[in-house]
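What follows is my_file-v2.cif (mmCIF, C-alpha atoms).
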data_my_file
loop_
_atom_site.label_atom_id
_atom_site.label_comp_id
_atom_site.auth_asym_id
_atom_site.auth_seq_id
_atom_site.Cartn_x
_atom_site.Cartn_y
_atom_site.Cartn_z
CA MET Y 1044 18.91 22.31 16.08
CA VAL Y 1045 17.46 19.52 13.91
CA GLN Y 1046 19.36 16.25 14.21
CA PRO Y 1047 20.44 14.84 10.83
CA GLU Y 1048 19.83 11.27 12.00
CA LEU Y 1049 17.13 9.70 14.14
CA SER Y 1050 17.02 6.74 16.49
CA ILE Y 1051 14.62 3.90 15.80
CA GLY Y 1052 12.41 5.18 18.64
CA ASP Y 1053 12.28 8.64 17.07
CA VAL Y 1054 11.39 7.11 13.70
CA ALA Y 1055 8.64 5.01 15.29
CA ALA Y 1056 7.18 8.09 16.96
CA ARG Y 1057 7.31 10.11 13.73
CA THR Y 1058 5.87 7.46 11.38
CA GLY Y 1059 3.34 5.78 13.66
CA LEU Y 1060 5.04 2.43 13.09
CA SER Y 1061 6.12 0.21 15.94
CA ILE Y 1062 9.78 -0.51 16.46
CA SER Y 1063 9.13 -4.15 15.58
CA GLN Y 1064 7.50 -3.11 12.28
CA ILE Y 1065 10.53 -1.01 11.41
CA ARG Y 1066 12.85 -3.93 12.18
CA PHE Y 1067 10.58 -6.20 10.11
CA TYR Y 1068 10.86 -3.86 7.11
CA GLU Y 1069 14.63 -3.92 7.55
CA ASP Y 1070 14.61 -7.75 7.65
CA LYS Y 1071 12.59 -7.74 4.41
CA GLY Y 1072 15.10 -5.43 2.71
CA LEU Y 1073 12.75 -2.46 2.37
CA ILE Y 1074 15.07 -0.22 4.39
CA ALA Y 1075 18.75 -0.41 5.28
CA PRO Y 1076 19.53 2.07 8.05
CA PRO Y 1077 23.21 2.63 8.75
CA ARG Y 1078 24.60 1.74 12.16
CA ASP Y 1079 26.68 3.88 14.47
CA ALA Y 1080 29.88 2.73 16.19
CA GLY Y 1081 27.78 1.11 18.92
CA GLY Y 1082 25.72 -0.87 16.40
CA ARG Y 1083 22.57 1.21 16.85
CA ARG Y 1084 20.45 2.07 13.82
CA ARG Y 1085 20.72 5.73 12.82
CA PHE Y 1086 18.05 6.77 10.34
CA PRO Y 1087 18.59 9.65 7.93
CA ARG Y 1088 15.57 11.96 8.02
CA ALA Y 1089 14.72 11.05 4.42
CA GLU Y 1090 13.93 7.55 5.66
CA LEU Y 1091 10.76 8.95 7.25
CA ARG Y 1092 9.27 9.44 3.78
CA ARG Y 1093 10.24 5.95 2.64
CA LEU Y 1094 8.72 4.36 5.76
CA SER Y 1095 5.58 6.46 5.51
CA PHE Y 1096 5.19 5.37 1.88
CA ILE Y 1097 5.62 1.72 2.89
CA ARG Y 1098 2.97 2.10 5.59
CA ILE Y 1099 0.45 3.71 3.25
CA ALA Y 1100 1.13 1.32 0.35
CA GLN Y 1101 0.69 -1.66 2.64
CA ARG Y 1102 -2.54 -0.21 4.00
CA LEU Y 1103 -3.80 0.05 0.41
CA GLY Y 1104 -3.18 -3.66 -0.03
CA LEU Y 1105 0.14 -3.70 -1.85
CA SER Y 1106 2.34 -6.62 -0.90
CA LEU Y 1107 5.75 -6.03 0.62
CA ARG Y 1108 7.28 -7.66 -2.46
CA ARG Y 1109 5.47 -5.16 -4.71
CA ILE Y 1110 6.45 -2.24 -2.49
CA LYS Y 1111 10.08 -3.35 -2.60
CA VAL Y 1112 9.98 -3.46 -6.40
CA ALA Y 1113 8.42 0.01 -6.55
CA LEU Y 1114 11.10 1.40 -4.23
CA ALA Y 1115 14.00 -0.31 -5.99
CA GLY Y 1116 14.92 2.86 -7.87
CA VAL Y 1117 14.69 5.15 -4.84
CA PRO Y 1118 18.19 5.76 -3.50
CA VAL Y 1119 18.99 4.84 0.08
CA ASP Y 1120 22.12 6.97 0.34
CA ARG Y 1121 20.43 10.34 -0.17
CA ALA Y 1122 17.06 12.02 0.13
CA PRO Y 1123 14.78 11.04 -2.76
CA THR Y 1124 14.07 13.78 -5.28
CA PRO Y 1125 10.71 14.57 -6.84
CA ALA Y 1126 11.98 12.73 -9.92
CA ASP Y 1127 12.62 9.61 -7.83
CA TRP Y 1128 9.07 9.70 -6.46
CA THR Y 1129 7.69 10.34 -9.95
CA LEU Y 1130 9.22 7.04 -11.08
CA VAL Y 1131 7.52 5.25 -8.18
CA ALA Y 1132 4.22 6.91 -9.06
CA GLU Y 1133 4.53 5.95 -12.72
CA ASP Y 1134 5.34 2.36 -11.77
CA LEU Y 1135 2.28 2.04 -9.53
CA HIS Y 1136 -0.19 4.21 -11.46
CA ALA Y 1137 -1.99 1.52 -13.47
CA GLU Y 1138 -2.15 -0.89 -10.54
CA LEU Y 1139 -3.51 1.71 -8.14
CA THR Y 1140 -6.01 2.96 -10.72
CA GLU Y 1141 -7.34 -0.58 -11.15
CA ARG Y 1142 -7.63 -1.04 -7.38
CA ILE Y 1143 -9.51 2.26 -7.09
CA GLU Y 1144 -11.93 1.22 -9.83
CA VAL Y 1145 -12.63 -2.14 -8.18
CA MET Y 1146 -13.16 -0.53 -4.77
CA THR Y 1147 -15.44 2.10 -6.31
CA ARG Y 1148 -17.57 -0.57 -8.01
CA LEU Y 1149 -17.79 -2.54 -4.78
CA ARG Y 1150 -18.75 0.56 -2.78
CA ASP Y 1151 -21.36 1.63 -5.32
CA ARG Y 1152 -22.90 -1.82 -5.62
CA LEU Y 1153 -22.99 -2.32 -1.86
CA GLU Y 1154 -24.66 1.07 -1.38
CA GLY Y 1155 -27.54 -0.23 -3.47
CA CYS Y 1156 -27.86 -3.26 -1.17
CA ILE Y 1157 -27.90 -1.48 2.16
CA GLY Y 1158 -31.59 -0.60 2.10
CA CYS Y 1159 -33.01 -3.20 -0.24
CA GLY Y 1160 -32.59 -6.37 1.77
CA CYS Y 1161 -32.43 -8.11 -1.61
CA LEU Y 1162 -36.21 -8.05 -1.99
CA SER Y 1163 -35.82 -7.40 -5.70
CA MET Y 1164 -33.46 -10.02 -7.07
CA LYS Y 1165 -34.11 -8.83 -10.62
CA VAL Y 1166 -32.27 -5.55 -10.03
CA CYS Y 1167 -29.73 -6.57 -7.35
CA PRO Y 1168 -26.24 -5.66 -8.66
CA LEU Y 1169 -24.64 -8.63 -6.87
CA TYR Y 1170 -27.24 -11.32 -7.51
CA ASN Y 1171 -25.83 -14.10 -9.66
CA PRO Y 1172 -28.52 -16.72 -10.32
CA ASP Y 1173 -27.21 -20.19 -11.18
CA ASP Y 1174 -23.64 -18.80 -11.03
CA ALA Y 1175 -23.99 -17.39 -14.55
CA VAL Y 1176 -20.96 -15.15 -14.10
CA GLY Y 1177 -18.82 -18.07 -12.93
CA ALA Y 1178 -19.29 -19.82 -16.25
CA GLY Y 1179 -17.39 -17.09 -18.03
CA ARG Y 1180 -14.71 -16.05 -15.52
CA PRO Y 1181 -13.33 -16.89 -12.11
CA GLY Y 1182 -13.47 -14.70 -9.03
CA ALA Y 1183 -15.82 -11.95 -8.03
CA GLY Y 1184 -16.65 -11.02 -11.60
CA LEU Y 1185 -19.55 -8.73 -10.73
CA VAL Y 1186 -17.22 -6.44 -8.79
CA GLU Y 1187 -13.71 -7.01 -10.09
CA ARG Y 1188 -14.62 -6.24 -13.68
CA PRO Y 1189 -17.02 -3.67 -15.10
#

Written as structure tokens, how would this file's structure read?
Amino acid sequence: MVQPELSIGDVAARTGLSISQIRFYEDKGLIAPPRDAGGRRRFPRAELRRLSFIRIAQRLGLSLRRIKVALAGVPVDRAPTPADWTLVAEDLHAELTERIEVMTRLRDRLEGCIGCGCLSMKVCPLYNPDDAVGAGRPGAGLVERP
């Protein structure tokens, strides 16, 4: 029989998170597991999806503050529906698309550098003589923007 609730150890084993990470996410307000009569956390199974999302979003570079905002509309008292997750996806779509585009440009421009050893500075996609790009914009302008 499948247990409706999981211990923190079971959740750690299922999500790949450490127990301390799970407690940290609770401290940050990303999760709010109910407690049993003995004060132990008892996680509804739906919390596995929420924690897995947090783990992946953090791995992709989203801040915990941003993840919390994205999850604000996802209920904690019931399993999220596809509609709930659609709202999260819509909220993050533009931001994730921009991150993907920046990472793709970086990957593509670095691929061109792997074999060249920068022997041809006239065609190097990352060469920036006299900081010409810096005059018009801050940051890594050759990668962050097309």

Checklist line | Ground truth for the PyMOL selection byres ((chain Y and resi 1108-1122) around 6), written as JSON, numbers by chain | finding: {"Y": [1073, 1089, 1106, 1107, 1123, 1127, 1131]}

Surrounding residues of Phe1067 in chain Y excluding itself and chain neighbours under 6 positions, 12 Å, only C-alpha atoms, as a PDB file with C-alpha atoms, in the frame of the given file:
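As a result, around-v4.pdb now contains:
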ATOM      1  CA  LEU Y1060       5.040   2.430  13.090  1.00  0.00           C
ATOM      2  CA  SER Y1061       6.120   0.210  15.940  1.00  0.00           C
ATOM      3  CA  LEU Y1073      12.750  -2.460   2.370  1.00  0.00           C
ATOM      4  CA  ILE Y1074      15.070  -0.220   4.390  1.00  0.00           C
ATOM      5  CA  ALA Y1075      18.750  -0.410   5.280  1.00  0.00           C
ATOM      6  CA  LEU Y1094       8.720   4.360   5.760  1.00  0.00           C
ATOM      7  CA  ILE Y1097       5.620   1.720   2.890  1.00  0.00           C
ATOM      8  CA  LEU Y1107       5.750  -6.030   0.620  1.00  0.00           C
TER       9      LEU Y1107
END

Notebook entry, point to check: What is the CA of Ala1132 in chain Y-CA of Ala1056 in chain Y distance in Å, reported with one decimal?
Noted result: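 Atom-to-atom, CA of Ala1132 in chain Y and CA of Ala1056 in chain Y are spaced 26.2 Å apart.
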
Check: Between CA of Thr1129 in chain Y and CA of Glu1144 in chain Y, what is the distance, to one decimal in Å?
Finding: 21.6 Å

Notebook entry, point to check: Which value, in Å to one decimal, gives the distance between CA of Phe1096 in chain Y and CA of Arg1150 in chain Y?
Noted result: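 Between CA of Phe1096 in chain Y and CA of Arg1150 in chain Y the gap is 24.9 Å.
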
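Here the PyMOL selection byres ((chain Y and resi 1051) around 10) matches the residues Glu1048, Leu1049, Ser1050, Gly1052, Asp1053, Val1054, Ala1055, Ala1056, Arg1057, Ser1061, Ile1062, Ser1063, Ile1065, Arg1066, Pro1076, Arg1083, Arg1084, Arg1085 and Phe1086 of chain Y.
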
Writing out the chosen residues with C-alpha atoms as a short mmCIF file (atom, residue, chain, number, x, y, z; two decimals), in the frame of the given file:
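Once everything was written out, this is again07.cif:
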data_model
loop_
_atom_site.label_atom_id
_atom_site.label_comp_id
_atom_site.auth_asym_id
_atom_site.auth_seq_id
_atom_site.Cartn_x
_atom_site.Cartn_y
_atom_site.Cartn_z
CA GLU Y 1048 19.83 11.27 12.00
CA LEU Y 1049 17.13 9.70 14.14
CA SER Y 1050 17.02 6.74 16.49
CA GLY Y 1052 12.41 5.18 18.64
CA ASP Y 1053 12.28 8.64 17.07
CA VAL Y 1054 11.39 7.11 13.70
CA ALA Y 1055 8.64 5.01 15.29
CA ALA Y 1056 7.18 8.09 16.96
CA ARG Y 1057 7.31 10.11 13.73
CA SER Y 1061 6.12 0.21 15.94
CA ILE Y 1062 9.78 -0.51 16.46
CA SER Y 1063 9.13 -4.15 15.58
CA ILE Y 1065 10.53 -1.01 11.41
CA ARG Y 1066 12.85 -3.93 12.18
CA PRO Y 1076 19.53 2.07 8.05
CA ARG Y 1083 22.57 1.21 16.85
CA ARG Y 1084 20.45 2.07 13.82
CA ARG Y 1085 20.72 5.73 12.82
CA PHE Y 1086 18.05 6.77 10.34
#

Draw an axis-aligned box over all listed atoms of range 1100-1112 of chain Y, pad each side with 5 Å, and write its centre and edge lengths in Å, one decimal, as AutoDock Vina command-line options.
--center_x 3.1 --center_y -3.2 --center_z -1.2 --size_x 23.9 --size_y 19.0 --size_z 20.4

Check: For Arg1088 in chain Y, which of Y:Thr1058, Y:Gln1064, Y:Thr1140, Y:Thr1147 is the closest residue, counting only C-alpha atoms?
Finding: Y:Thr1058

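For the choices Y:Gly1081, Y:Pro1047, Y:Gly1104, Y:Gly1059, the atom-to-atom distance to Leu1139 in chain Y is smallest for Y:Gly1104 when using all atoms listed in the file.
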
Notebook entry, point to check: For Arg1093 in chain Y, which residue out of Y:Asp1079, Y:Glu1138, Y:Asp1151, Y:Glu1069 is the nearest one, using only C-alpha atoms?
Noted result: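 Using only C-alpha atoms, Arg1093 in chain Y sits closest to Y:Glu1069.
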